[in-house]
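Dropping data_19.txt in here (compact mmCIF, C-alpha atoms):
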# COMPACT_ATOMS: atom_id res chain seq x y z
CA MET A 1 -16.93 23.29 3.63
CA SER A 2 -18.64 23.00 7.02
CA ALA A 3 -22.35 23.69 7.57
CA PRO A 4 -23.37 27.09 9.05
CA PRO A 5 -23.86 27.08 12.86
CA SER A 6 -27.65 27.50 12.50
CA GLN A 7 -27.89 24.29 10.44
CA VAL A 8 -25.71 22.39 12.90
CA ASP A 9 -27.80 23.61 15.83
CA HIS A 10 -30.95 22.52 13.99
CA LEU A 11 -29.61 18.97 13.53
CA VAL A 12 -28.34 18.74 17.11
CA ALA A 13 -31.72 19.84 18.44
CA ARG A 14 -33.70 17.34 16.39
CA LEU A 15 -31.49 14.26 15.95
CA ARG A 16 -30.76 11.58 18.54
CA PHE A 17 -28.25 8.74 18.50
CA ARG A 18 -31.15 6.31 18.06
CA HIS A 19 -31.89 8.11 14.79
CA LEU A 20 -28.32 7.52 13.65
CA ARG A 21 -28.61 3.83 14.42
CA LEU A 22 -31.92 3.63 12.57
CA ILE A 23 -30.52 4.97 9.30
CA THR A 24 -27.41 2.78 9.49
CA GLU A 25 -29.63 -0.26 10.07
CA LEU A 26 -31.84 0.77 7.16
CA GLN A 27 -28.84 0.92 4.86
CA ARG A 28 -27.76 -2.54 5.97
CA ASP A 29 -31.16 -4.26 5.83
CA GLY A 30 -32.89 -2.21 3.12
CA SER A 31 -36.29 -2.87 4.69
CA LEU A 32 -38.47 -0.96 7.16
CA ARG A 33 -39.92 -4.24 8.42
CA ALA A 34 -36.50 -5.80 9.08
CA VAL A 35 -35.28 -2.70 10.91
CA ALA A 36 -38.45 -2.59 12.99
CA GLN A 37 -37.73 -6.14 14.13
CA THR A 38 -34.06 -5.35 14.83
CA LEU A 39 -34.89 -2.26 16.91
CA ASN A 40 -38.00 -3.78 18.52
CA LEU A 41 -40.28 -1.13 17.04
CA THR A 42 -43.41 -1.18 14.89
CA GLN A 43 -43.03 -0.54 11.17
CA PRO A 44 -45.14 2.67 11.37
CA ALA A 45 -42.85 3.90 14.17
CA VAL A 46 -39.78 3.31 11.99
CA SER A 47 -41.44 5.06 9.04
CA LYS A 48 -42.37 8.03 11.25
CA ALA A 49 -38.86 8.27 12.69
CA LEU A 50 -37.34 8.18 9.21
CA GLY A 51 -39.62 11.06 8.19
CA GLU A 52 -38.45 13.05 11.21
CA ILE A 53 -34.79 12.38 10.35
CA GLU A 54 -35.22 13.42 6.71
CA SER A 55 -37.09 16.54 7.84
CA ALA A 56 -34.18 17.44 10.11
CA PHE A 57 -31.68 17.06 7.26
CA GLY A 58 -33.93 18.82 4.78
CA PHE A 59 -33.64 16.18 2.06
CA ALA A 60 -34.50 12.54 1.40
CA LEU A 61 -31.99 9.99 2.70
CA PHE A 62 -33.65 6.98 1.06
CA THR A 63 -35.58 6.17 -2.07
CA ARG A 64 -38.64 4.06 -1.24
CA THR A 65 -39.74 1.28 -3.61
CA ALA A 66 -41.92 -1.80 -3.35
CA ARG A 67 -38.76 -3.82 -2.71
CA GLY A 68 -37.56 -1.67 0.20
CA VAL A 69 -35.41 1.42 0.66
CA THR A 70 -32.16 2.48 -1.02
CA PRO A 71 -29.93 5.36 0.09
CA THR A 72 -29.90 8.45 -2.09
CA ALA A 73 -26.53 10.01 -2.98
CA GLN A 74 -26.98 12.55 -0.16
CA GLY A 75 -28.27 9.82 2.14
CA ALA A 76 -25.17 7.69 1.61
CA ILE A 77 -23.01 10.58 2.84
CA ALA A 78 -25.23 11.17 5.87
CA ILE A 79 -25.29 7.46 6.73
CA ARG A 80 -21.51 7.20 6.50
CA GLY A 81 -21.26 10.11 8.94
CA ALA A 82 -23.81 8.49 11.23
CA ALA A 83 -21.78 5.28 11.32
CA LEU A 84 -18.64 7.27 12.20
CA LEU A 85 -20.44 9.04 15.04
CA LEU A 86 -21.69 5.74 16.47
CA GLN A 87 -18.20 4.25 16.28
CA GLU A 88 -16.77 7.34 17.95
CA LEU A 89 -19.36 7.18 20.73
CA ALA A 90 -18.41 3.59 21.51
CA HIS A 91 -14.72 4.50 21.47
CA LEU A 92 -15.26 7.51 23.74
CA ARG A 93 -16.93 5.24 26.25
CA GLY A 94 -13.83 3.04 26.29
CA GLU A 95 -11.59 6.07 26.81
CA ALA A 96 -13.82 7.35 29.61
CA GLU A 97 -13.73 3.94 31.32
CA ALA A 98 -9.92 4.00 31.13
CA GLY A 99 -10.04 7.37 32.94
CA GLU A 100 -6.70 8.58 34.29
CA ARG A 101 -5.04 5.24 33.51
CA ALA A 102 -4.58 6.24 29.87
CA ALA A 103 -4.13 9.53 28.00
CA ALA A 104 -6.08 8.12 25.06
CA ILE A 105 -6.87 4.90 23.23
CA ILE A 106 -5.61 5.00 19.65
CA ARG A 107 -6.77 2.50 17.04
CA ILE A 108 -4.06 2.08 14.39
CA GLY A 109 -4.18 0.08 11.18
CA ALA A 110 -1.12 -1.13 9.28
CA PRO A 111 -0.14 -3.84 6.79
CA PRO A 112 1.97 -6.61 8.37
CA PHE A 113 5.34 -5.42 7.02
CA VAL A 114 4.82 -1.97 8.58
CA ALA A 115 3.33 -3.33 11.80
CA GLN A 116 6.22 -5.74 12.31
CA GLY A 117 9.15 -3.74 10.93
CA TYR A 118 8.43 -0.11 11.76
CA LEU A 119 5.66 0.36 14.31
CA PRO A 120 7.07 -1.42 17.42
CA LYS A 121 9.31 1.53 18.38
CA VAL A 122 6.53 4.01 17.65
CA LEU A 123 4.02 2.12 19.79
CA ALA A 124 6.62 1.75 22.56
CA ARG A 125 7.00 5.56 22.69
CA LEU A 126 3.26 5.94 23.14
CA ALA A 127 3.13 3.22 25.79
CA GLN A 128 5.94 4.91 27.75
CA ARG A 129 4.11 8.22 28.08
CA ASP A 130 2.78 9.33 31.47
CA PRO A 131 -0.09 8.60 31.53
CA PRO A 132 0.45 5.97 28.83
CA VAL A 133 -1.45 5.76 25.59
CA ARG A 134 -3.31 2.51 25.00
CA MET A 135 -3.34 1.14 21.48
CA HIS A 136 -5.36 -1.27 19.39
CA LEU A 137 -3.44 -2.50 16.31
CA LEU A 138 -5.21 -3.86 13.25
CA GLU A 139 -2.96 -5.72 10.78
CA GLU A 140 -4.64 -6.14 7.42
CA ARG A 141 -4.24 -5.64 3.68
CA VAL A 142 -4.37 -2.03 2.53
CA PRO A 143 -7.86 -2.10 0.86
CA MET A 144 -9.41 -3.48 4.06
CA LEU A 145 -7.51 -0.95 6.16
CA MET A 146 -8.81 1.93 4.05
CA GLN A 147 -12.39 0.76 4.49
CA ALA A 148 -11.86 0.35 8.24
CA LEU A 149 -10.60 3.95 8.41
CA LEU A 150 -13.60 5.34 6.55
CA ASN A 151 -15.97 3.23 8.68
CA GLY A 152 -14.50 4.69 11.87
CA GLU A 153 -13.09 1.35 13.03
CA VAL A 154 -9.56 2.80 13.27
CA ASP A 155 -8.32 6.34 13.90
CA ALA A 156 -5.36 6.29 11.50
CA LEU A 157 -3.32 4.12 9.17
CA VAL A 158 0.44 3.79 8.79
CA THR A 159 0.60 2.17 5.40
CA SER A 160 1.85 2.16 1.85
CA HIS A 161 -0.16 4.43 -0.43
CA PRO A 162 -3.40 2.70 -1.48
CA MET A 163 -3.70 1.67 -5.11
CA GLN A 164 -7.44 2.37 -5.16
CA MET A 165 -9.46 4.79 -3.09
CA PRO A 166 -12.75 3.70 -1.49
CA GLU A 167 -15.98 5.48 -2.37
CA ALA A 168 -15.38 8.44 -0.03
CA GLY A 169 -12.21 9.26 -1.99
CA PRO A 170 -9.14 11.17 -0.87
CA ALA A 171 -11.04 14.40 -0.13
CA ALA A 172 -12.19 12.99 3.23
CA LEU A 173 -8.65 11.98 4.21
CA ARG A 174 -5.27 13.52 4.98
CA PHE A 175 -1.97 11.98 3.89
CA GLU A 176 1.44 12.66 5.46
CA ARG A 177 4.51 10.96 4.02
CA LEU A 178 6.71 9.21 6.58
CA PHE A 179 9.44 7.35 4.66
CA GLU A 180 10.07 5.13 1.66
CA VAL A 181 10.33 1.36 1.93
CA GLU A 182 12.69 -0.60 -0.33
CA PHE A 183 11.84 -3.95 -1.86
CA SER A 184 14.08 -6.90 -2.68
CA VAL A 185 13.66 -9.82 -5.06
CA ILE A 186 14.58 -12.86 -2.96
CA ALA A 187 15.48 -16.44 -3.85
CA PRO A 188 16.48 -19.62 -2.01
CA PRO A 189 20.17 -19.38 -1.05
CA GLU A 190 21.20 -22.20 -3.43
CA HIS A 191 19.40 -20.70 -6.47
CA PRO A 192 21.77 -20.15 -9.46
CA LEU A 193 20.70 -16.51 -9.86
CA THR A 194 22.06 -15.65 -6.41
CA ARG A 195 25.58 -15.99 -7.90
CA ALA A 196 24.88 -13.68 -10.85
CA ARG A 197 26.40 -10.19 -10.80
CA LYS A 198 23.27 -8.80 -12.48
CA VAL A 199 19.82 -10.30 -13.08
CA ASP A 200 17.38 -8.81 -15.59
CA TRP A 201 13.61 -9.11 -15.64
CA GLN A 202 13.60 -11.35 -18.73
CA GLN A 203 15.51 -13.93 -16.68
CA LEU A 204 13.11 -13.50 -13.76
CA ALA A 205 10.12 -14.06 -16.07
CA ARG A 206 11.29 -17.66 -16.63
CA GLU A 207 11.27 -18.48 -12.90
CA PRO A 208 8.46 -19.73 -10.66
CA TRP A 209 7.11 -16.97 -8.43
CA VAL A 210 5.42 -16.59 -5.07
CA MET A 211 3.34 -13.46 -5.59
CA PRO A 212 1.63 -11.03 -3.20
CA ALA A 213 -2.14 -10.55 -3.58
CA ARG A 214 -3.25 -9.10 -6.92
CA THR A 215 -4.70 -5.99 -5.24
CA SER A 216 -1.54 -5.23 -3.27
CA MET A 217 0.99 -2.49 -3.89
CA ALA A 218 3.83 -5.05 -3.96
CA ARG A 219 2.09 -6.96 -6.76
CA ARG A 220 1.73 -3.76 -8.74
CA LEU A 221 5.46 -3.06 -8.33
CA ILE A 222 6.31 -6.53 -9.65
CA GLU A 223 4.03 -6.26 -12.67
CA GLU A 224 5.21 -2.73 -13.51
CA SER A 225 8.85 -3.82 -13.27
CA PHE A 226 8.26 -6.65 -15.74
CA MET A 227 6.27 -4.39 -18.07
CA LYS A 228 8.92 -1.62 -18.11
CA ALA A 229 11.54 -4.23 -19.00
CA GLY A 230 9.40 -5.50 -21.91
CA ALA A 231 8.72 -8.83 -20.18
CA VAL A 232 5.47 -10.53 -19.26
CA ALA A 233 4.94 -11.13 -15.55
CA PRO A 234 4.59 -14.89 -14.91
CA GLN A 235 1.56 -16.41 -13.26
CA PRO A 236 2.39 -17.22 -9.63
CA VAL A 237 2.72 -20.79 -8.43
CA ILE A 238 1.53 -19.50 -5.02
CA GLU A 239 -0.31 -16.29 -4.18
CA SER A 240 -0.18 -15.16 -0.54
CA THR A 241 -1.16 -11.97 1.29
CA SER A 242 1.53 -12.15 4.00
CA PRO A 243 5.07 -10.87 3.28
CA GLY A 244 6.42 -12.98 6.14
CA THR A 245 4.81 -16.12 4.76
CA ASN A 246 6.16 -15.34 1.29
CA VAL A 247 9.69 -15.11 2.69
CA GLN A 248 9.30 -18.53 4.28
CA LEU A 249 7.87 -20.00 1.06
CA VAL A 250 10.95 -18.77 -0.79
CA ALA A 251 13.18 -20.26 1.92
CA ALA A 252 11.39 -23.59 1.38
CA GLY A 253 12.21 -23.48 -2.36
CA ALA A 254 8.75 -22.63 -3.73
CA GLY A 255 10.06 -19.91 -6.04
CA LEU A 256 11.20 -16.29 -6.14
CA SER A 257 9.32 -13.45 -4.52
CA ILE A 258 9.40 -9.78 -3.68
CA ALA A 259 9.47 -8.62 -0.06
CA PRO A 260 9.91 -5.34 1.80
CA THR A 261 13.60 -5.34 2.69
CA PRO A 262 12.89 -5.05 6.46
CA ALA A 263 10.59 -8.11 6.26
CA SER A 264 13.29 -10.27 4.65
CA ARG A 265 16.27 -8.99 6.66
CA LEU A 266 16.11 -11.65 9.39
CA ALA A 267 15.74 -14.50 6.90
CA GLN A 268 18.71 -13.14 4.95
CA SER A 269 20.85 -12.89 8.09
CA LEU A 270 20.00 -16.51 8.91
CA GLY A 271 20.95 -17.64 5.40
CA GLN A 272 17.39 -18.74 4.56
CA VAL A 273 17.06 -16.49 1.49
CA LYS A 274 19.28 -14.24 -0.58
CA SER A 275 18.57 -10.96 -2.32
CA LEU A 276 19.14 -10.90 -6.10
CA LYS A 277 21.04 -8.08 -7.83
CA VAL A 278 18.15 -7.12 -10.10
CA SER A 279 18.50 -4.43 -12.76
CA PRO A 280 16.63 -2.17 -12.99
CA ALA A 281 15.88 -2.27 -9.27
CA ILE A 282 12.36 -2.08 -7.91
CA PRO A 283 11.61 1.55 -7.03
CA PRO A 284 10.93 2.32 -3.36
CA ALA A 285 7.35 2.94 -2.27
CA PRO A 286 6.10 5.66 0.11
CA VAL A 287 4.66 4.82 3.52
CA GLU A 288 2.20 7.40 4.85
CA LEU A 289 0.15 8.37 7.86
CA ILE A 290 -3.47 8.51 6.68
CA TYR A 291 -6.34 9.77 8.80
CA ARG A 292 -9.72 11.44 8.57
CA GLY A 293 -9.00 15.14 8.52
CA ALA A 294 -12.27 16.93 9.18
CA VAL A 295 -11.89 17.38 12.96
CA ALA A 296 -8.84 17.98 15.18
CA ASN A 297 -8.20 14.86 17.23
CA LEU A 298 -5.97 14.36 20.30
CA ARG A 299 -5.32 10.76 19.30
CA ILE A 300 -3.96 11.81 15.91
CA GLU A 301 -1.74 14.48 17.47
CA LEU A 302 -0.29 11.95 19.93
CA LEU A 303 0.40 9.55 17.07
CA ARG A 304 1.93 12.29 14.91
CA GLU A 305 4.24 13.21 17.79
CA ALA A 306 5.36 9.58 18.19
CA LEU A 307 5.99 9.41 14.44
CA GLY A 308 8.17 12.53 14.56
CA LEU A 309 5.73 14.74 12.65
CA ARG A 310 5.45 17.37 15.42
What would the structure in this file look like if it were written as structure tokens?
Amino acid sequence: MSAPPSQVDHLVARLRFRHLRLITELQRDGSLRAVAQTLNLTQPAVSKALGEIESAFGFALFTRTARGVTPTAQGAIAIRGAALLLQELAHLRGEAEAGERAAAIIRIGAPPFVAQGYLPKVLARLAQRDPPVRMHLLEERVPMLMQALLNGEVDALVTSHPMQMPEAGPAALRFERLFEVEFSVIAPPEHPLTRARKVDWQQLAREPWVMPARTSMARRLIEESFMKAGAVAPQPVIESTSPGTNVQLVAAGAGLSIAPTPASRLAQSLGQVKSLKVSPAIPPAPVELIYRGAVANLRIELLREALGLR
């Protein structure tokens, strides 16, 4: 629920961007003295400014102790919003500098298998607009992408559904399903199981494995598949965060692995790995567009159009 116009006007009249930076620095350093040094101010000036900021909000943003300052529950929300506004200001400057050379600058986050297997055509559509859209692409693991989204470092994610939500939770975000991605269990081409007409999870439990990161969605799919089959998931001989690297490790004979089917397709066509006929098969996983949903945003609408959501 948004604040009444009178409250918004009150904040706009009394707050400045330097105030926003001050409270974000206070959260990071936890000390009035350290922030005073960072901002080249006196400690009394920082203390006075903090009082003005809290007066504008109408509640305390920090709890003061002998050891420093700690954000209150309300303060943590205000500080998160301040950080988003500062990030947006910096991004708006970049868009303004681009002027008529670009319709917008969109910052997109995606895990490697989405960035490499699905996004190229989407980004090409945006680049071919007139005027073109400029893009910054962040490839990372899903937990880091979610935090980058909430911090205002990216505008949107195209990613598998996160296993765990950051502190802000799903209420601050919007989710739009795009498609489902299939996963394959892959093995070196000469592995005996590649000749089997059906492979069960008890057989797979006896094999060496190259596993995705423990916090990843792919790792969860593996462990759930073993559990549903009444088998214990083996400890990996290698744990790696990159699907592409995992495919190459399998090709080198390090063990079996799971990979998004698009990520392993080239290696399969080259005869470097083979897909096993596993029963029951790994269920497909949804890939979604995730973005902060509080304010209408031209960048998000351009991206939604390129994704076929408009």
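Interatomic distance, atom CA of Leu123 of chain A to atom CA of Phe175 of chain A: 19.6 Å.
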Item to complete: Please provide as a PyMOL selection string all residues within 6 Å of segment 241-250 of chain A, with the sequence filter that same-chain residues fewer than 3 positions apart are discarded (counting only C-alpha atoms).
Response: chain A and resi 187-188+212-213+253-256+259
Worksheet entry | Residue nearest Met227 of chain A - candidates A:Arg197, A:Tyr118, A:Pro111, A:Pro280, atoms counted: only C-alpha atoms | A:Pro280
Worksheet item: atom CA of Ala156 of chain A to atom CA of Ala82 of chain A: how many Å, to one decimal?
Response: 18.6 Å
Fill in: Residue neighbourhood Arg310 of chain A, 12 Å, all atoms listed in the file, exclusion window fewer than 3 positions, as JSON, numbers by chain
{"A": [176, 300, 301, 302, 303, 304, 305, 306, 307]}
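Minimum atom-to-atom distances from A:Asp130, A:Glu52, A:Glu223, A:Glu139 to Ala110 of chain A were compared using all atoms listed in the file, and the lowest value belongs to A:Glu139.
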Worksheet item: Excluding same-chain residues fewer than 3 positions from segment 141-153 of chain A, what lies within 10 Å of it counting all atoms listed in the file, as a ChimeraX atom specification?
Response: /A:80-88,91,107-112,138,156-169,172-173,213,215-217,241-242,290-292
Item to complete: Return the single residue from A:Leu15, A:Ala90, A:Leu309, A:Leu178 that is closest to Val287 of chain A, with distances computed using all atoms listed in the file.
Response: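 Ranking A:Leu15, A:Ala90, A:Leu309, A:Leu178 by distance to Val287 of chain A, first place goes to A:Leu178.
You can rank A:Arg220, A:Arg174, A:Arg93, A:Arg28 by their closest distance to Pro283 of chain A using only C-alpha atoms, and at the top of that list sits A:Arg220.
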Fill in: Atomic separation - atom CA of Val154 of chain A relative to atom CA of Pro71 of chain A, Å
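It comes out at 24.4 Å.
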Item to complete: Take the point (-3.4, 6.5, 25.4) as written in the file and pick out every residue within 8 Å of it, counting only C-alpha atoms; give the list as number ranges by chain.
Response: A: 102-106, 126-127, 131-135, 299
Discussion item. Can you tell me which residues surround Leu193 of chain A at a distance of at most 12 Å, considering all atoms listed in the file, apart from same-chain residues fewer than 3 positions away, and format the answer as a count of residues only?
Written reply: 24
Supply segment 116-132 of chain A as an mmCIF file, in the coordinates of the input, with N, CA and C atoms built in where the input has gaps.
data_model
loop_
_atom_site.group_PDB
_atom_site.id
_atom_site.type_symbol
_atom_site.label_atom_id
_atom_site.label_comp_id
_atom_site.auth_asym_id
_atom_site.auth_seq_id
_atom_site.Cartn_x
_atom_site.Cartn_y
_atom_site.Cartn_z
ATOM 1 N N GLN A 116 5.157 -4.931 11.727
ATOM 2 C CA GLN A 116 6.220 -5.740 12.310
ATOM 3 C C GLN A 116 7.591 -5.074 12.200
ATOM 4 N N GLY A 117 7.811 -4.279 11.160
ATOM 5 C CA GLY A 117 9.150 -3.740 10.930
ATOM 6 C C GLY A 117 9.355 -2.311 11.363
ATOM 7 N N TYR A 118 8.274 -1.535 11.501
ATOM 8 C CA TYR A 118 8.430 -0.110 11.760
ATOM 9 C C TYR A 118 7.680 0.364 13.006
ATOM 10 N N LEU A 119 6.497 -0.170 13.246
ATOM 11 C CA LEU A 119 5.660 0.360 14.310
ATOM 12 C C LEU A 119 6.073 0.021 15.735
ATOM 13 N N PRO A 120 6.766 -1.099 16.013
ATOM 14 C CA PRO A 120 7.070 -1.420 17.420
ATOM 15 C C PRO A 120 7.691 -0.276 18.210
ATOM 16 N N LYS A 121 8.677 0.425 17.649
ATOM 17 C CA LYS A 121 9.310 1.530 18.380
ATOM 18 C C LYS A 121 8.350 2.700 18.558
ATOM 19 N N VAL A 122 7.511 2.924 17.555
ATOM 20 C CA VAL A 122 6.530 4.010 17.650
ATOM 21 C C VAL A 122 5.521 3.718 18.753
ATOM 22 N N LEU A 123 5.009 2.492 18.771
ATOM 23 C CA LEU A 123 4.020 2.120 19.790
ATOM 24 C C LEU A 123 4.654 2.117 21.175
ATOM 25 N N ALA A 124 5.933 1.739 21.257
ATOM 26 C CA ALA A 124 6.620 1.750 22.560
ATOM 27 C C ALA A 124 6.706 3.181 23.100
ATOM 28 N N ARG A 125 6.947 4.172 22.231
ATOM 29 C CA ARG A 125 7.000 5.560 22.690
ATOM 30 C C ARG A 125 5.657 5.986 23.285
ATOM 31 N N LEU A 126 4.588 5.587 22.634
ATOM 32 C CA LEU A 126 3.260 5.940 23.140
ATOM 33 C C LEU A 126 2.969 5.244 24.460
ATOM 34 N N ALA A 127 3.386 3.979 24.571
ATOM 35 C CA ALA A 127 3.130 3.220 25.790
ATOM 36 C C ALA A 127 3.935 3.752 26.977
ATOM 37 N N GLN A 128 5.061 4.416 26.692
ATOM 38 C CA GLN A 128 5.940 4.910 27.750
ATOM 39 C C GLN A 128 5.589 6.320 28.216
ATOM 40 N N ARG A 129 4.548 6.910 27.631
ATOM 41 C CA ARG A 129 4.110 8.220 28.080
ATOM 42 C C ARG A 129 3.527 8.134 29.496
ATOM 43 N N ASP A 130 3.375 9.277 30.134
ATOM 44 C CA ASP A 130 2.780 9.330 31.470
ATOM 45 C C ASP A 130 1.670 10.390 31.466
ATOM 46 N N PRO A 131 0.379 9.992 31.523
ATOM 47 C CA PRO A 131 -0.090 8.600 31.530
ATOM 48 C C PRO A 131 0.111 7.968 30.158
ATOM 49 N N PRO A 132 0.170 6.641 30.101
ATOM 50 C CA PRO A 132 0.450 5.970 28.830
ATOM 51 C C PRO A 132 -0.732 6.068 27.875
#
